[in-house]
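A short write-up of the structure that comes next.
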Amino acid sequence: WLGPTSAVEPLRDRSVLILHGDQDRWTSPTASLSFARRAQGVARDVHYVRMLGAGHFMVRSVPVWHGLSTSFLLSRFADDTGAAVDARRLEASARLYRAPDPLGITA
């Protein structure tokens, strides 16, 4: 549900993770990627993950979607608060930060 008029300013200095199924026919993966590109330089960091073979509800990819989003949230929480988080919970999102292109990640 991210389109050309979706505002990026509310993301200033925030970390953003967008996961979008490449087979989604209800909302546009291309529009989400364009939004991610516009958010770069405004947000603290932006990651776009193309979920291969996933449609709108990502039913076939729920474990991957849940694992990445939970890990990303816990990572940001640990960084922002200094809270101790089990390193095993952070591994999925660490992969996002190791990617050569933060907008070219596939899962």
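Note on naming: chains are A, B, ... as they come in the structure tokens, residues start from 1 per chain, ligands start from 1 in the order shown.
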
message: Can you tell me which residues surround range 70-80 of chain A at a distance of at most 7 Å, considering only C-alpha atoms, apart from same-chain residues fewer than 5 positions away, and format the answer as number ranges by chain?
response: A: 85, 89-90, 92-93

- request: Can you pull out every residue within 7 Å of range 52-55 of chain A, counting only C-alpha atoms, but drop anything in the same chain fewer than 4 positions away, and send it as an NGL selection string?
  value: :A and (21-25 or 60-61 or 106-107)

I'd like to know which residues of chain A are strand (DSSP E or B) (by DSSP, run on the backbone); could you write them as a tab-separated table (two decimals) with N, CA, C and O atoms, in the first residue's frame?
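Final output, saved to selection_12.tsv:
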```tsv
chain	number	residue	atom	x	y	z
A	15	SER	N	14.40	3.30	11.30
A	15	SER	CA	14.80	2.13	10.53
A	15	SER	C	13.55	1.52	9.90
A	15	SER	O	12.53	1.38	10.57
A	16	VAL	N	13.67	1.16	8.63
A	16	VAL	CA	12.50	0.68	7.88
A	16	VAL	C	12.82	-0.66	7.22
A	16	VAL	O	13.87	-0.81	6.60
A	17	LEU	N	11.89	-1.59	7.38
A	17	LEU	CA	11.97	-2.87	6.69
A	17	LEU	C	10.68	-3.06	5.91
A	17	LEU	O	9.59	-3.00	6.47
A	18	ILE	N	10.82	-3.26	4.61
A	18	ILE	CA	9.67	-3.53	3.75
A	18	ILE	C	9.87	-4.92	3.15
A	18	ILE	O	10.88	-5.19	2.52
A	19	LEU	N	8.90	-5.79	3.38
A	19	LEU	CA	8.89	-7.12	2.78
A	19	LEU	C	7.70	-7.17	1.84
A	19	LEU	O	6.58	-6.85	2.26
A	20	HIS	N	7.93	-7.54	0.59
A	20	HIS	CA	6.82	-7.56	-0.37
A	20	HIS	C	6.93	-8.79	-1.25
A	20	HIS	O	8.00	-9.08	-1.80
A	21	GLY	N	5.82	-9.53	-1.39
A	21	GLY	CA	5.79	-10.69	-2.26
A	21	GLY	C	5.91	-10.28	-3.72
A	21	GLY	O	5.22	-9.36	-4.17
A	40	GLN	N	15.27	6.37	1.27
A	40	GLN	CA	16.71	6.41	1.54
A	40	GLN	C	17.15	7.86	1.66
A	40	GLN	O	16.74	8.72	0.90
A	43	ALA	N	15.16	8.14	6.05
A	43	ALA	CA	15.17	7.17	7.14
A	43	ALA	C	16.61	6.88	7.55
A	43	ALA	O	17.55	7.10	6.78
A	45	ASP	N	17.85	3.91	8.07
A	45	ASP	CA	18.21	2.86	7.12
A	45	ASP	C	16.93	2.25	6.58
A	45	ASP	O	15.90	2.26	7.23
A	46	VAL	N	17.01	1.77	5.34
A	46	VAL	CA	15.86	1.19	4.65
A	46	VAL	C	16.31	-0.12	4.03
A	46	VAL	O	17.34	-0.18	3.37
A	47	HIS	N	15.50	-1.15	4.23
A	47	HIS	CA	15.75	-2.46	3.63
A	47	HIS	C	14.49	-2.91	2.92
A	47	HIS	O	13.40	-2.85	3.49
A	48	TYR	N	14.64	-3.35	1.68
A	48	TYR	CA	13.53	-3.88	0.91
A	48	TYR	C	13.84	-5.33	0.59
A	48	TYR	O	14.89	-5.64	0.01
A	49	VAL	N	12.94	-6.22	0.99
A	49	VAL	CA	13.12	-7.65	0.75
A	49	VAL	C	12.02	-8.12	-0.19
A	49	VAL	O	10.83	-7.98	0.10
A	50	ARG	N	12.45	-8.66	-1.30
A	50	ARG	CA	11.52	-9.24	-2.27
A	50	ARG	C	11.32	-10.70	-1.88
A	50	ARG	O	12.26	-11.49	-1.88
A	51	MET	N	10.08	-11.04	-1.52
A	51	MET	CA	9.74	-12.40	-1.10
A	51	MET	C	9.40	-13.22	-2.34
A	51	MET	O	8.33	-13.04	-2.93
A	105	ILE	N	17.45	-7.25	-1.62
A	105	ILE	CA	17.49	-8.47	-0.84
A	105	ILE	C	16.34	-9.37	-1.28
A	105	ILE	O	15.22	-8.90	-1.50
A	106	THR	N	16.60	-10.66	-1.42
A	106	THR	CA	15.55	-11.61	-1.74
A	106	THR	C	15.47	-12.68	-0.66
A	106	THR	O	16.46	-12.98	0.00
```

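If only C-alpha atoms are the atoms counted, then among A:Ala83, A:Leu2, A:Ser32, A:Leu68 the closest residue to Arg95 in chain A is A:Leu68.
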
- request: Figure out the distance between CA of Ala84 in chain A and CA of Asp101 in chain A, please, to one decimal in Å.
  value: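 Computing the Euclidean distance for CA of Asp101 in chain A and CA of Ala84 in chain A yields 28.0 Å.
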
message: Using only C-alpha atoms for the distances, tell me which of A:Val64, A:Ala39, A:Leu103, A:Ala31 is nearest to Gly3 in chain A.
response: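 The answer is A:Ala31, which sits nearest to Gly3 in chain A.
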
message: Give me, as JSON, numbers by chain, the residues of range 16-96 of chain A that a backbone DSSP run labels helix (DSSP H, G or I).
response: {"A": [29, 30, 31, 32, 33, 34, 35, 36, 37, 38, 39, 59, 60, 61, 62, 63, 64, 65, 66, 67, 68, 69, 70, 71, 72, 73, 74, 75, 76, 77, 78, 79, 80, 81, 87, 88, 89, 90, 91, 92, 93, 94, 95, 96]}

Which of A:Arg14, A:Gly67, A:Gly104, A:Thr30 sits closest to Glu91 in chain A [using only C-alpha atoms]: A:Gly67

Skip Thr5 in chain A itself and residues of its chain fewer than 4 positions away, then list as a tab-separated table (two decimals) with N, CA and C atoms, in the first residue's frame all residues within 12 Å of it, counting only C-alpha atoms.
```
chain	number	residue	atom	x	y	z
A	1	TRP	N	0.80	-1.19	0.00
A	1	TRP	CA	0.00	0.00	0.00
A	1	TRP	C	0.84	1.25	0.00
A	9	GLU	N	8.69	11.51	4.84
A	9	GLU	CA	9.16	12.35	5.95
A	9	GLU	C	8.86	11.75	7.33
A	31	ALA	N	5.90	-0.42	-6.65
A	31	ALA	CA	5.61	0.82	-5.92
A	31	ALA	C	6.26	0.80	-4.54
A	32	SER	N	6.27	-0.37	-3.89
A	32	SER	CA	6.93	-0.47	-2.58
A	32	SER	C	8.43	-0.23	-2.70
A	34	SER	N	9.91	1.53	-5.05
A	34	SER	CA	10.09	2.96	-5.34
A	34	SER	C	10.00	3.79	-4.07
A	35	PHE	N	9.05	3.43	-3.20
A	35	PHE	CA	8.93	4.11	-1.91
A	35	PHE	C	10.22	3.93	-1.10
A	38	ARG	N	12.83	6.24	-2.32
A	38	ARG	CA	12.58	7.62	-1.89
A	38	ARG	C	12.90	7.82	-0.42
```
